file entry.pdb (PDB, C-alpha atoms (C1' of nucleotides))
ATOM      1  CA  MET U  10     100.446 102.984 -41.472
ATOM      2  CA  ASN U  11      97.289 100.897 -42.030
ATOM      3  CA  PRO U  12      94.332 102.620 -40.455
ATOM      4  CA  ILE U  13      94.350 101.719 -36.770
ATOM      5  CA  PRO U  14      91.080 101.233 -34.899
ATOM      6  CA  LYS U  15      90.382 104.478 -33.079
ATOM      7  CA  PRO U  16      91.540 104.157 -29.472
ATOM      8  CA  THR U  17      89.112 105.227 -26.769
ATOM      9  CA  GLU U  18      90.243 107.749 -24.174
ATOM     10  CA  ALA U  19      91.267 105.097 -21.668
ATOM     11  CA  GLU U  20      93.137 103.249 -24.386
ATOM     12  CA  LEU U  21      94.959 106.353 -25.545
ATOM     13  CA  GLU U  22      96.052 107.044 -21.994
ATOM     14  CA  ILE U  23      97.641 103.615 -21.868
ATOM     15  CA  LEU U  24      99.226 104.004 -25.292
ATOM     16  CA  GLN U  25     100.918 107.192 -24.064
ATOM     17  CA  ILE U  26     102.440 105.302 -21.164
ATOM     18  CA  LEU U  27     103.646 102.511 -23.424
ATOM     19  CA  TRP U  28     105.164 105.004 -25.887
ATOM     20  CA  ALA U  29     106.892 106.876 -23.078
ATOM     21  CA  HIS U  30     108.213 103.819 -21.246
ATOM     22  CA  GLY U  31     108.488 101.095 -23.842
ATOM     23  CA  PRO U  32     107.132  97.542 -23.453
ATOM     24  CA  SER U  33     105.691  97.103 -19.971
ATOM     25  CA  SER U  34     103.749  94.820 -17.691
ATOM     26  CA  VAL U  35     100.179  95.588 -16.683
ATOM     27  CA  ARG U  36     101.441  96.372 -13.182
ATOM     28  CA  ALA U  37     103.909  98.974 -14.436
ATOM     29  CA  VAL U  38     101.334 100.618 -16.697
ATOM     30  CA  HIS U  39      98.783 100.572 -13.921
ATOM     31  CA  GLU U  40     101.079 102.408 -11.538
ATOM     32  CA  GLN U  41     102.009 105.058 -14.096
ATOM     33  CA  LEU U  42      98.345 105.462 -14.948
ATOM     34  CA  ASN U  43      97.203 106.113 -11.418
ATOM     35  CA  GLU U  44     100.136 108.379 -10.778
ATOM     36  CA  ALA U  45      99.106 110.501 -13.751
ATOM     37  CA  ARG U  46      95.481 110.424 -12.639
ATOM     38  CA  LEU U  47      96.344 111.492  -9.150
ATOM     39  CA  ALA U  48      98.399 114.382 -10.529
ATOM     40  CA  ASN U  49      95.295 115.570 -12.390
ATOM     41  CA  ASN U  50      92.839 114.959  -9.526
ATOM     42  CA  ARG U  51      91.007 112.280 -11.402
ATOM     43  CA  GLU U  52      89.739 109.027  -9.908
ATOM     44  CA  GLU U  53      92.159 106.152  -9.550
ATOM     45  CA  VAL U  54      91.088 102.845 -11.058
ATOM     46  CA  GLY U  55      91.477  99.270  -9.904
ATOM     47  CA  TYR U  56      94.135  96.944 -11.230
ATOM     48  CA  THR U  57      91.723  94.680 -13.061
ATOM     49  CA  THR U  58      90.287  97.669 -14.884
ATOM     50  CA  THR U  59      93.670  98.458 -16.353
ATOM     51  CA  LEU U  60      94.212  94.784 -17.127
ATOM     52  CA  LYS U  61      90.863  94.510 -18.865
ATOM     53  CA  ILE U  62      91.459  97.520 -21.060
ATOM     54  CA  MET U  63      94.874  96.261 -22.055
ATOM     55  CA  GLN U  64      93.360  92.881 -22.939
ATOM     56  CA  ILE U  65      90.784  94.631 -25.100
ATOM     57  CA  MET U  66      93.568  96.618 -26.748
ATOM     58  CA  ALA U  67      95.347  93.380 -27.562
ATOM     59  CA  ASP U  68      92.136  91.985 -29.069
ATOM     60  CA  LYS U  69      91.723  95.124 -31.190
ATOM     61  CA  GLY U  70      95.319  95.020 -32.327
ATOM     62  CA  LEU U  71      96.313  98.297 -30.668
ATOM     63  CA  VAL U  72      99.033  96.481 -28.739
ATOM     64  CA  THR U  73     100.913  93.206 -29.008
ATOM     65  CA  ARG U  74     101.884  91.096 -26.032
ATOM     66  CA  ASP U  75     104.518  88.628 -25.093
ATOM     67  CA  THR U  76     102.851  85.853 -23.103
ATOM     68  CA  SER U  77     105.894  83.621 -22.787
ATOM     69  CA  THR U  78     106.245  84.395 -19.090
ATOM     70  CA  ARG U  79     103.577  84.579 -16.439
ATOM     71  CA  THR U  80     103.711  88.390 -16.390
ATOM     72  CA  HIS U  81     102.684  89.389 -19.900
ATOM     73  CA  ILE U  82     104.598  92.245 -21.517
ATOM     74  CA  TYR U  83     102.631  94.669 -23.679
ATOM     75  CA  ALA U  84     103.992  96.853 -26.495
ATOM     76  CA  THR U  85     102.337  99.317 -28.835
ATOM     77  CA  ALA U  86     101.470  97.986 -32.276
ATOM     78  CA  ALA U  87     101.869 101.294 -34.126
ATOM     79  CA  LYS U  88     104.425 104.070 -34.008
ATOM     80  CA  GLU U  89     103.474 107.082 -31.947
ATOM     81  CA  GLU U  90     103.721 109.462 -34.920
ATOM     82  CA  ASP U  91     101.504 107.315 -37.141
ATOM     83  CA  THR U  92      98.789 107.133 -34.512
ATOM     84  CA  GLN U  93      99.068 110.841 -33.764
ATOM     85  CA  GLN U  94      98.744 111.590 -37.450
ATOM     86  CA  GLN U  95      95.500 109.664 -37.727
ATOM     87  CA  LEU U  96      94.039 111.183 -34.581
ATOM     88  CA  LEU U  97      95.120 114.621 -35.751
ATOM     89  CA  GLN U  98      93.332 114.175 -39.059
ATOM     90  CA  ARG U  99      90.116 113.244 -37.288
ATOM     91  CA  PHE U 100      90.466 116.081 -34.824
ATOM     92  CA  VAL U 101      91.045 118.697 -37.517
ATOM     93  CA  ASP U 102      87.998 117.496 -39.382
ATOM     94  CA  ALA U 103      85.745 117.368 -36.328
ATOM     95  CA  THR U 104      86.871 120.537 -34.589
ATOM     96  CA  PHE U 105      88.295 122.836 -37.290
ATOM     97  CA  ARG U 106      86.148 121.678 -40.202
ATOM     98  CA  GLY U 107      89.230 120.305 -41.912
ATOM     99  CA  SER U 108      91.371 123.433 -41.728
ATOM    100  CA  ALA U 109      94.823 122.430 -40.492
ATOM    101  CA  MET U 110      95.857 126.045 -40.852
ATOM    102  CA  LYS U 111      93.270 127.266 -38.355
ATOM    103  CA  LEU U 112      94.382 124.612 -35.921
ATOM    104  CA  VAL U 113      98.016 125.678 -36.241
ATOM    105  CA  MET U 114      97.158 129.347 -35.800
ATOM    106  CA  GLN U 115      95.145 128.598 -32.656
ATOM    107  CA  ALA U 116      97.865 126.371 -31.278
ATOM    108  CA  LEU U 117     100.537 128.984 -31.844
ATOM    109  CA  GLY U 118      98.440 131.805 -30.514
ATOM    110  CA  ASN U 119      97.298 130.340 -27.247
ATOM    111  CA  GLN U 120      99.398 127.344 -26.323
ATOM    112  CA  GLN U 121     102.803 127.357 -24.730
ATOM    113  CA  VAL U 122     105.456 127.293 -27.423
ATOM    114  CA  SER U 123     108.949 128.547 -26.612
ATOM    115  CA  ALA U 124     111.041 130.860 -28.774
ATOM    116  CA  GLU U 125     113.307 127.978 -29.755
ATOM    117  CA  GLU U 126     110.346 125.900 -30.791
ATOM    118  CA  LEU U 127     108.975 128.776 -32.847
ATOM    119  CA  ASP U 128     112.299 128.904 -34.686
ATOM    120  CA  GLU U 129     112.118 125.194 -35.374
ATOM    121  CA  ILE U 130     108.653 125.602 -36.792
ATOM    122  CA  LYS U 131     109.772 128.504 -38.942
ATOM    123  CA  ALA U 132     112.622 126.407 -40.289
ATOM    124  CA  LEU U 133     110.172 123.651 -41.173
ATOM    125  CA  ILE U 134     107.938 126.113 -42.996
ATOM    126  CA  GLU U 135     110.841 127.420 -45.037
ATOM    127  CA  LYS U 136     111.850 123.896 -45.917
ATOM    128  CA  LEU U 137     108.294 123.129 -47.008
ATOM    129  CA  GLU U 138     108.120 126.268 -49.122
ATOM    130  CA  LYS U 139     111.334 125.373 -50.952
ATOM    131  CA  GLU U 140     109.992 121.940 -51.776
ATOM    132  CA  GLN U 141     106.968 123.282 -53.593
TER     133      GLN U 141
ATOM    134  CA  MET X  29      85.627 131.440 -21.447
ATOM    135  CA  ASN X  30      84.472 129.350 -18.432
ATOM    136  CA  PRO X  31      85.273 125.693 -19.003
ATOM    137  CA  ILE X  32      82.559 124.231 -21.198
ATOM    138  CA  PRO X  33      81.368 120.639 -20.674
ATOM    139  CA  LYS X  34      83.118 118.505 -23.265
ATOM    140  CA  PRO X  35      80.795 117.992 -26.217
ATOM    141  CA  THR X  36      80.373 114.452 -27.515
ATOM    142  CA  GLU X  37      80.994 113.738 -31.205
ATOM    143  CA  ALA X  38      77.358 114.117 -32.122
ATOM    144  CA  GLU X  39      77.163 117.345 -30.172
ATOM    145  CA  LEU X  40      80.267 118.782 -31.784
ATOM    146  CA  GLU X  41      78.843 118.019 -35.196
ATOM    147  CA  ILE X  42      75.798 120.081 -34.328
ATOM    148  CA  LEU X  43      77.879 122.902 -32.859
ATOM    149  CA  GLN X  44      79.754 123.134 -36.168
ATOM    150  CA  ILE X  45      76.499 123.588 -38.018
ATOM    151  CA  LEU X  46      75.315 126.245 -35.589
ATOM    152  CA  TRP X  47      78.619 128.121 -35.847
ATOM    153  CA  ALA X  48      78.527 127.980 -39.624
ATOM    154  CA  HIS X  49      74.886 128.991 -40.005
ATOM    155  CA  GLY X  50      74.021 130.955 -36.910
ATOM    156  CA  PRO X  51      70.944 130.380 -34.726
ATOM    157  CA  SER X  52      68.777 127.685 -36.271
ATOM    158  CA  SER X  53      65.741 125.485 -35.778
ATOM    159  CA  VAL X  54      66.098 121.769 -35.177
ATOM    160  CA  ARG X  55      64.745 121.172 -38.664
ATOM    161  CA  ALA X  56      67.436 123.302 -40.279
ATOM    162  CA  VAL X  57      70.210 121.694 -38.261
ATOM    163  CA  HIS X  58      68.825 118.256 -38.992
ATOM    164  CA  GLU X  59      68.890 118.826 -42.730
ATOM    165  CA  GLN X  60      72.453 120.159 -42.700
ATOM    166  CA  LEU X  61      73.485 117.266 -40.529
ATOM    167  CA  ASN X  62      72.169 114.569 -42.819
ATOM    168  CA  GLU X  63      73.523 116.356 -45.854
ATOM    169  CA  ALA X  64      76.991 116.283 -44.303
ATOM    170  CA  ARG X  65      76.548 112.680 -43.283
ATOM    171  CA  LEU X  66      75.478 111.663 -46.739
ATOM    172  CA  ALA X  67      78.529 113.402 -48.210
ATOM    173  CA  ASN X  68      80.724 111.244 -45.992
ATOM    174  CA  ASN X  69      78.788 107.994 -46.529
ATOM    175  CA  ARG X  70      77.697 107.813 -42.960
ATOM    176  CA  GLU X  71      74.243 106.777 -41.782
ATOM    177  CA  GLU X  72      71.502 109.359 -41.727
ATOM    178  CA  VAL X  73      69.639 109.791 -38.465
ATOM    179  CA  GLY X  74      65.987 110.400 -37.661
ATOM    180  CA  TYR X  75      64.607 113.809 -36.828
ATOM    181  CA  THR X  76      63.871 113.001 -33.198
ATOM    182  CA  THR X  77      67.468 111.895 -32.724
ATOM    183  CA  THR X  78      68.717 115.319 -33.726
ATOM    184  CA  LEU X  79      66.047 116.931 -31.559
ATOM    185  CA  LYS X  80      66.989 114.831 -28.547
ATOM    186  CA  ILE X  81      70.677 115.649 -28.813
ATOM    187  CA  MET X  82      69.940 119.340 -29.122
ATOM    188  CA  GLN X  83      67.722 119.152 -26.043
ATOM    189  CA  ILE X  84      70.542 117.463 -24.149
ATOM    190  CA  MET X  85      72.901 120.191 -25.336
ATOM    191  CA  ALA X  86      70.532 122.800 -23.956
ATOM    192  CA  ASP X  87      70.435 120.953 -20.613
ATOM    193  CA  LYS X  88      74.229 120.840 -20.505
ATOM    194  CA  GLY X  89      74.496 124.498 -21.395
ATOM    195  CA  LEU X  90      76.254 123.950 -24.708
ATOM    196  CA  VAL X  91      73.499 125.862 -26.483
ATOM    197  CA  THR X  92      70.804 128.304 -25.555
ATOM    198  CA  ARG X  93      67.342 128.322 -27.058
ATOM    199  CA  ASP X  94      64.585 130.739 -27.735
ATOM    200  CA  THR X  95      61.296 129.008 -26.929
ATOM    201  CA  SER X  96      59.060 131.980 -27.486
ATOM    202  CA  THR X  97      57.673 130.522 -30.699
ATOM    203  CA  ARG X  98      56.579 126.988 -31.398
ATOM    204  CA  THR X  99      59.703 126.288 -33.435
ATOM    205  CA  HIS X 100      62.528 126.701 -30.947
ATOM    206  CA  ILE X 101      65.645 128.462 -32.165
ATOM    207  CA  TYR X 102      68.983 127.177 -30.918
ATOM    208  CA  ALA X 103      72.235 129.123 -30.684
ATOM    209  CA  THR X 104      75.689 128.181 -29.469
ATOM    210  CA  ALA X 105      76.499 129.231 -25.921
ATOM    211  CA  ALA X 106      80.220 129.747 -26.529
ATOM    212  CA  LYS X 107      82.243 131.306 -29.325
ATOM    213  CA  GLU X 108      83.737 128.915 -31.827
ATOM    214  CA  GLU X 109      87.309 129.965 -31.046
ATOM    215  CA  ASP X 110      86.869 129.549 -27.293
ATOM    216  CA  THR X 111      85.477 126.070 -27.678
ATOM    217  CA  GLN X 112      88.160 125.123 -30.185
ATOM    218  CA  GLN X 113      90.785 126.385 -27.776
ATOM    219  CA  GLN X 114      89.524 124.171 -24.983
ATOM    220  CA  LEU X 115      89.202 121.120 -27.188
ATOM    221  CA  LEU X 116      92.652 121.782 -28.582
ATOM    222  CA  GLN X 117      94.129 121.932 -25.087
ATOM    223  CA  ARG X 118      92.577 118.587 -24.219
ATOM    224  CA  PHE X 119      93.668 117.066 -27.499
ATOM    225  CA  VAL X 120      97.265 118.227 -27.127
ATOM    226  CA  ASP X 121      97.368 116.787 -23.634
ATOM    227  CA  ALA X 122      95.786 113.473 -24.564
ATOM    228  CA  THR X 123      97.528 112.884 -27.880
ATOM    229  CA  PHE X 124     100.790 114.843 -27.788
ATOM    230  CA  ARG X 125     101.444 114.708 -24.037
ATOM    231  CA  GLY X 126     100.995 118.450 -23.837
ATOM    232  CA  SER X 127     103.444 119.429 -26.561
ATOM    233  CA  ALA X 128     101.758 122.013 -28.792
ATOM    234  CA  MET X 129     104.942 122.212 -30.807
ATOM    235  CA  LYS X 130     104.840 118.532 -31.757
ATOM    236  CA  LEU X 131     101.244 118.941 -32.812
ATOM    237  CA  VAL X 132     102.091 121.910 -35.017
ATOM    238  CA  MET X 133     105.018 120.138 -36.620
ATOM    239  CA  GLN X 134     102.865 117.106 -37.418
ATOM    240  CA  ALA X 135     100.087 119.268 -38.753
ATOM    241  CA  LEU X 136     102.417 121.209 -41.035
ATOM    242  CA  GLY X 137     104.258 118.121 -42.187
ATOM    243  CA  ASN X 138     101.361 115.967 -43.181
ATOM    244  CA  GLN X 139      98.212 118.004 -43.557
ATOM    245  CA  GLN X 140      97.172 120.125 -46.471
ATOM    246  CA  VAL X 141      98.362 123.679 -45.950
ATOM    247  CA  SER X 142      98.775 125.955 -48.960
ATOM    248  CA  ALA X 143     101.756 128.224 -49.642
ATOM    249  CA  GLU X 144      99.683 131.288 -48.773
ATOM    250  CA  GLU X 145      98.658 129.759 -45.480
ATOM    251  CA  LEU X 146     102.261 128.897 -44.699
ATOM    252  CA  ASP X 147     103.144 132.551 -45.214
ATOM    253  CA  GLU X 148     100.385 133.590 -42.855
ATOM    254  CA  ILE X 149     101.670 131.227 -40.218
ATOM    255  CA  LYS X 150     105.183 132.508 -40.683
ATOM    256  CA  ALA X 151     103.952 136.056 -40.228
ATOM    257  CA  LEU X 152     102.222 135.057 -37.001
ATOM    258  CA  ILE X 153     105.400 133.435 -35.704
ATOM    259  CA  GLU X 154     107.402 136.572 -36.422
ATOM    260  CA  LYS X 155     104.814 138.665 -34.656
ATOM    261  CA  LEU X 156     104.947 136.351 -31.650
ATOM    262  CA  GLU X 157     108.733 136.473 -31.560
ATOM    263  CA  LYS X 158     108.746 140.253 -31.541
ATOM    264  CA  GLU X 159     106.365 140.308 -28.587
ATOM    265  CA  GLN X 160     108.618 138.263 -26.379
TER     266      GLN X 160
ATOM    267  C1'  DT L  16     103.458  71.316   1.862
ATOM    268  C1'  DT L  17     100.584  75.089   3.181
ATOM    269  C1'  DG L  18      99.372  79.533   2.971
ATOM    270  C1'  DC L  19     100.114  84.375   0.965
ATOM    271  C1'  DT L  20     100.767  87.219  -3.176
ATOM    272  C1'  DT L  21     100.602  88.206  -7.963
ATOM    273  C1'  DT L  22      98.751  87.438 -12.213
ATOM    274  C1'  DT L  23      95.428  86.356 -15.907
ATOM    275  C1'  DA L  24      90.695  85.423 -17.453
ATOM    276  C1'  DC L  25      85.978  86.076 -17.560
ATOM    277  C1'  DG L  26      81.565  87.927 -16.965
ATOM    278  C1'  DA L  27      78.494  91.096 -15.424
ATOM    279  C1'  DA L  28      77.268  95.713 -13.544
ATOM    280  C1'  DA L  29      77.468 100.625 -14.146
ATOM    281  C1'  DT L  30      77.831 104.494 -16.995
ATOM    282  C1'  DC L  31      77.477 107.154 -21.033
ATOM    283  C1'  DA L  32      76.063 108.171 -25.816
ATOM    284  C1'  DT L  33      73.055 107.452 -29.540
ATOM    285  C1'  DT L  34      68.861 106.199 -31.564
ATOM    286  C1'  DC L  35      64.113 106.211 -32.177
ATOM    287  C1'  DG L  36      58.980 105.153 -31.033
ATOM    288  C1'  DT L  37      55.055 107.234 -29.222
ATOM    289  C1'  DA L  38      52.235 110.782 -27.404
ATOM    290  C1'  DC L  39      50.532 115.076 -27.441
ATOM    291  C1'  DA L  40      50.339 120.066 -28.753
ATOM    292  C1'  DT L  41      50.207 123.519 -32.312
ATOM    293  C1'  DC L  42      49.850 125.210 -36.795
ATOM    294  C1'  DT L  43      48.128 124.958 -41.762
ATOM    295  C1'  DT L  44      45.073 123.738 -45.329
ATOM    296  C1'  DT L  45      40.815 122.561 -47.060
TER     297       DT L  45
ATOM    298  C1'  DA N  22      35.827 122.145 -37.970
ATOM    299  C1'  DA N  23      38.497 118.163 -39.585
ATOM    300  C1'  DA N  24      42.653 116.239 -41.504
ATOM    301  C1'  DG N  25      47.286 116.431 -42.154
ATOM    302  C1'  DA N  26      51.795 118.280 -41.236
ATOM    303  C1'  DT N  27      55.174 119.835 -38.088
ATOM    304  C1'  DG N  28      56.866 120.530 -33.608
ATOM    305  C1'  DT N  29      58.349 119.285 -28.649
ATOM    306  C1'  DA N  30      58.714 116.039 -24.805
ATOM    307  C1'  DC N  31      59.710 111.841 -22.834
ATOM    308  C1'  DG N  32      61.093 107.302 -22.035
ATOM    309  C1'  DA N  33      63.112 103.292 -23.315
ATOM    310  C1'  DA N  34      66.146 100.255 -26.382
ATOM    311  C1'  DT N  35      70.629  99.754 -28.128
ATOM    312  C1'  DG N  36      75.450  99.963 -28.196
ATOM    313  C1'  DA N  37      79.925 101.210 -26.598
ATOM    314  C1'  DT N  38      83.102 102.011 -22.785
ATOM    315  C1'  DT N  39      84.591 101.601 -18.248
ATOM    316  C1'  DT N  40      84.581  99.444 -13.986
ATOM    317  C1'  DC N  41      85.311  95.794 -10.924
ATOM    318  C1'  DG N  42      84.183  91.202  -8.418
ATOM    319  C1'  DT N  43      85.372  86.577  -8.401
ATOM    320  C1'  DA N  44      87.838  82.537  -9.706
ATOM    321  C1'  DA N  45      91.661  79.905 -11.055
ATOM    322  C1'  DA N  46      96.578  79.406 -12.125
ATOM    323  C1'  DA N  47     101.341  80.366 -11.009
ATOM    324  C1'  DG N  48     104.921  81.842  -8.162
ATOM    325  C1'  DC N  49     106.896  82.819  -3.425
ATOM    326  C1'  DA N  50     107.764  82.288   1.579
ATOM    327  C1'  DA N  51     107.474  80.013   5.805
TER     328       DA N  51
END

call {"tool": "encode", "arguments": {"input": "entry.pdb", "output": "C-alpha cells"}}
result
Amino acid sequence: MNPIPKPTEAELEILQILWAHGPSSVRAVHEQLNEARLANNREEVGYTTTLKIMQIMADKGLVTRDTSTRTHIYATAAKEEDTQQQLLQRFVDATFRGSAMKLVMQALGNQQVSAEELDEIKALIEKLEKEQ
Amino acid sequence: MNPIPKPTEAELEILQILWAHGPSSVRAVHEQLNEARLANNREEVGYTTTLKIMQIMADKGLVTRDTSTRTHIYATAAKEEDTQQQLLQRFVDATFRGSAMKLVMQALGNQQVSAEELDEIKALIEKLEKEQ
DNA sequence: TTGCTTTTACGAAATCATTCGTACATCTTT
DNA sequence: AAAGATGTACGAATGATTTCGTAAAAGCAA
C-alpha cells in the first residue's frame, strides 16, 4: 500500500507478466515479453535488455528476487490491485482532470464490456449506494 | 479520430489547458501551467520551456497554430473525448491487460464518485443493455 | 578436463523528454 | 528614434529510459 515508485512502460510490461505467471526467471519473462511484442508488431528486444530492466526494478523495489540459485527468480513486490489503483489515480488526474466518473462513462461507452460484466458493475453500484 | 501521436506528460498537461480554455497564446498557457504546478507543489518552469514544448506539439500535429499575428495562437488538433478515448485504450491495455471492466470496477470502488454520478452511470448501463 | 551454453553484472551508447540560454524580431512607451 | 518589453526560433545541456556489447562466473556435455 505504500506509494510505489512509478514503473516506466517497460517495467509495467514486465510487472504484467510477473502478475500473470507468478515468480519467474529472466529467461521466462523475456520469452513472454517478446511473444507479446511480436503479437503487437513491436520490436523484439535482446535478453540483456530484459535482464537489465529487471535488475533496475529490483533496485527500485518494484520486484524482489531470490538469488539462492544461479538462475535468479523474480517476484512482484506489490499486489496487482494496489499498483493498478495508484496508476489509475495518476491517469484520472492527468487525462480526465480528476474525474473518475468521466473515465468510467468513457470506458463503458466505447470499450468492450459484455452484458454480464455490465450486470456485475451495476451490482457494485447498488452495493455502493446502499453503503452511503 | 485518426490515431494521434501519444502525448508526453508535459504535452498532456498543456492539452488539458487548451481544452479547458480554448485557443490560447503561449503566455496564457504558461501562466495556467505554472498556476496548476504551484497548486500541486511542483516546480515552475521557464517561459521558453513552455514555448518549446508547444512548438514540438505543433510539429507532431498535436496542436495547430495561427501565426498570422506576432503572438501565435495555439489550438488542440483533436477533440478532448477522442484523445481521452485513445489514451484510455492504451492505459487499459498496459495496466489492466485490456480489461475495461476491471478498470471500471477499480475506479468505482476506490475513487471519489458521488451518489448522483453513480446514478448517471447506472442509467448509462441500462441504456447500453437495452441496445444489445 | 576442455569446450559450449546459460546466466549475471556492468558500463556505455542511443534515444527520448525536459529545460533553458541566447539571439533576434516585433511591438510599445517615452 | 531609443529603450524596454514581449515574442519566436534554435541549439545545446540535462536527465531519464532503453538498449545492448562485453566480460566473468557457473553449469553442462563430450

call {"tool": "calpha_fit_and_write", "arguments": {"input": "entry.pdb", "fixed": "chain U", "moving": "chain X", "output": "short mmCIF file (atom, residue, chain, number, x, y, z; two decimals) with C-alpha atoms, in the frame of the given file"}}
result
data_model
loop_
_atom_site.label_atom_id
_atom_site.label_comp_id
_atom_site.auth_asym_id
_atom_site.auth_seq_id
_atom_site.Cartn_x
_atom_site.Cartn_y
_atom_site.Cartn_z
CA MET X 29 100.39 102.95 -41.41
CA ASN X 30 97.15 100.96 -41.98
CA PRO X 31 94.23 102.74 -40.35
CA ILE X 32 94.24 101.88 -36.67
CA PRO X 33 90.96 101.44 -34.77
CA LYS X 34 90.31 104.67 -32.91
CA PRO X 35 91.49 104.30 -29.33
CA THR X 36 89.12 105.39 -26.58
CA GLU X 37 90.31 107.90 -23.98
CA ALA X 38 91.33 105.22 -21.53
CA GLU X 39 93.15 103.36 -24.27
CA LEU X 40 95.00 106.43 -25.46
CA GLU X 41 96.15 107.10 -21.92
CA ILE X 42 97.68 103.65 -21.82
CA LEU X 43 99.25 104.03 -25.27
CA GLN X 44 100.99 107.19 -24.04
CA ILE X 45 102.52 105.27 -21.17
CA LEU X 46 103.66 102.48 -23.46
CA TRP X 47 105.20 104.95 -25.91
CA ALA X 48 106.98 106.78 -23.12
CA HIS X 49 108.28 103.68 -21.34
CA GLY X 50 108.47 100.98 -23.95
CA PRO X 51 107.08 97.45 -23.58
CA SER X 52 105.66 97.00 -20.09
CA SER X 53 103.71 94.71 -17.80
CA VAL X 54 100.18 95.55 -16.74
CA ARG X 55 101.50 96.28 -13.27
CA ALA X 56 103.98 98.85 -14.54
CA VAL X 57 101.40 100.54 -16.74
CA HIS X 58 98.89 100.52 -13.92
CA GLU X 59 101.26 102.30 -11.56
CA GLN X 60 102.16 104.97 -14.11
CA LEU X 61 98.51 105.42 -14.90
CA ASN X 62 97.42 106.06 -11.35
CA GLU X 63 100.40 108.29 -10.73
CA ALA X 64 99.34 110.45 -13.67
CA ARG X 65 95.75 110.39 -12.53
CA LEU X 66 96.67 111.43 -9.04
CA ALA X 67 98.71 114.32 -10.43
CA ASN X 68 95.60 115.56 -12.21
CA ASN X 69 93.19 114.93 -9.32
CA ARG X 70 91.31 112.29 -11.18
CA GLU X 71 90.05 109.04 -9.68
CA GLU X 72 92.42 106.13 -9.40
CA VAL X 73 91.27 102.86 -10.90
CA GLY X 74 91.63 99.26 -9.78
CA TYR X 75 94.24 96.92 -11.16
CA THR X 76 91.77 94.69 -12.97
CA THR X 77 90.35 97.72 -14.75
CA THR X 78 93.72 98.49 -16.27
CA LEU X 79 94.20 94.81 -17.09
CA LYS X 80 90.81 94.59 -18.79
CA ILE X 81 91.42 97.63 -20.96
CA MET X 82 94.80 96.33 -22.01
CA GLN X 83 93.24 92.98 -22.91
CA ILE X 84 90.65 94.79 -25.02
CA MET X 85 93.45 96.74 -26.68
CA ALA X 86 95.16 93.48 -27.56
CA ASP X 87 91.89 92.16 -29.05
CA LYS X 88 91.50 95.32 -31.12
CA GLY X 89 95.09 95.16 -32.29
CA LEU X 90 96.16 98.40 -30.64
CA VAL X 91 98.88 96.53 -28.76
CA THR X 92 100.69 93.26 -29.07
CA ARG X 93 101.68 91.09 -26.14
CA ASP X 94 104.28 88.57 -25.26
CA THR X 95 102.59 85.80 -23.27
CA SER X 96 105.58 83.53 -23.01
CA THR X 97 106.02 84.29 -19.32
CA ARG X 98 103.39 84.51 -16.64
CA THR X 99 103.61 88.30 -16.57
CA HIS X 100 102.54 89.35 -20.04
CA ILE X 101 104.47 92.17 -21.66
CA TYR X 102 102.53 94.64 -23.77
CA ALA X 103 103.88 96.81 -26.57
CA THR X 104 102.24 99.32 -28.88
CA ALA X 105 101.31 98.01 -32.31
CA ALA X 106 101.83 101.31 -34.12
CA LYS X 107 104.44 104.04 -33.94
CA GLU X 108 103.54 107.07 -31.89
CA GLU X 109 103.83 109.45 -34.85
CA ASP X 110 101.61 107.31 -37.08
CA THR X 111 98.90 107.12 -34.48
CA GLN X 112 99.17 110.83 -33.73
CA GLN X 113 98.88 111.55 -37.42
CA GLN X 114 95.65 109.61 -37.72
CA LEU X 115 94.14 111.13 -34.60
CA LEU X 116 95.19 114.56 -35.78
CA GLN X 117 93.48 114.03 -39.12
CA ARG X 118 90.25 113.06 -37.39
CA PHE X 119 90.52 115.94 -34.96
CA VAL X 120 91.10 118.51 -37.70
CA ASP X 121 88.10 117.20 -39.58
CA ALA X 122 85.81 117.08 -36.56
CA THR X 123 86.86 120.31 -34.89
CA PHE X 124 88.29 122.56 -37.60
CA ARG X 125 86.25 121.29 -40.55
CA GLY X 126 89.41 119.96 -42.15
CA SER X 127 91.46 123.14 -41.98
CA ALA X 128 94.92 122.25 -40.66
CA MET X 129 95.90 125.87 -41.04
CA LYS X 130 93.21 127.09 -38.64
CA LEU X 131 94.32 124.50 -36.14
CA VAL X 132 97.93 125.63 -36.38
CA MET X 133 97.02 129.28 -36.02
CA GLN X 134 94.95 128.56 -32.92
CA ALA X 135 97.66 126.40 -31.45
CA LEU X 136 100.33 129.05 -31.97
CA GLY X 137 98.13 131.86 -30.75
CA ASN X 138 96.95 130.41 -27.50
CA GLN X 139 99.10 127.49 -26.45
CA GLN X 140 102.45 127.58 -24.78
CA VAL X 141 105.18 127.52 -27.41
CA SER X 142 108.63 128.84 -26.52
CA ALA X 143 110.74 131.17 -28.68
CA GLU X 144 113.08 128.30 -29.56
CA GLU X 145 110.17 126.16 -30.65
CA LEU X 146 108.81 128.99 -32.76
CA ASP X 147 112.16 129.16 -34.53
CA GLU X 148 112.05 125.44 -35.18
CA ILE X 149 108.61 125.75 -36.67
CA LYS X 150 109.72 128.64 -38.82
CA ALA X 151 112.63 126.58 -40.09
CA LEU X 152 110.26 123.75 -40.99
CA ILE X 153 108.01 126.14 -42.89
CA GLU X 154 110.95 127.47 -44.88
CA LYS X 155 112.03 123.95 -45.69
CA LEU X 156 108.52 123.10 -46.84
CA GLU X 157 108.34 126.20 -49.01
CA LYS X 158 111.59 125.35 -50.74
CA GLU X 159 110.30 121.88 -51.57
CA GLN X 160 107.29 123.14 -53.43
#

call {"tool": "interface_residues", "arguments": {"input": "entry.pdb", "of": "chain L", "to": "chain X", "cutoff": "12 Å", "atoms": "only C-alpha atoms (C1' of nucleotides)", "output": "MDAnalysis selection string"}}
result
chainID L and resid 31:37 40:42

call {"tool": "closest_atom_pairs", "arguments": {"input": "entry.pdb", "of": "chain N", "to": "chain X", "cutoff": "12 Å", "atoms": "only C-alpha atoms (C1' of nucleotides)", "output": "CSV"}}
result
residue,atom,partner,partner_atom,distance
N:DT27,C1',X:Thr99,CA,9.2
N:DG28,C1',X:Thr99,CA,6.4
N:DT29,C1',X:Arg98,CA,8.4
N:DA30,C1',X:Lys80,CA,9.2
N:DC31,C1',X:Lys80,CA,9.7
N:DG32,C1',X:Lys80,CA,11.6

call {"tool": "residues_around", "arguments": {"input": "entry.pdb", "residues": "X:Leu90", "least_positions_apart": "6", "cutoff": "10 Å", "atoms": "only C-alpha atoms (C1' of nucleotides)", "output": "PyMOL selection string"}}
result
chain X and resi 32-35+39-40+43+82-84+103-106+111
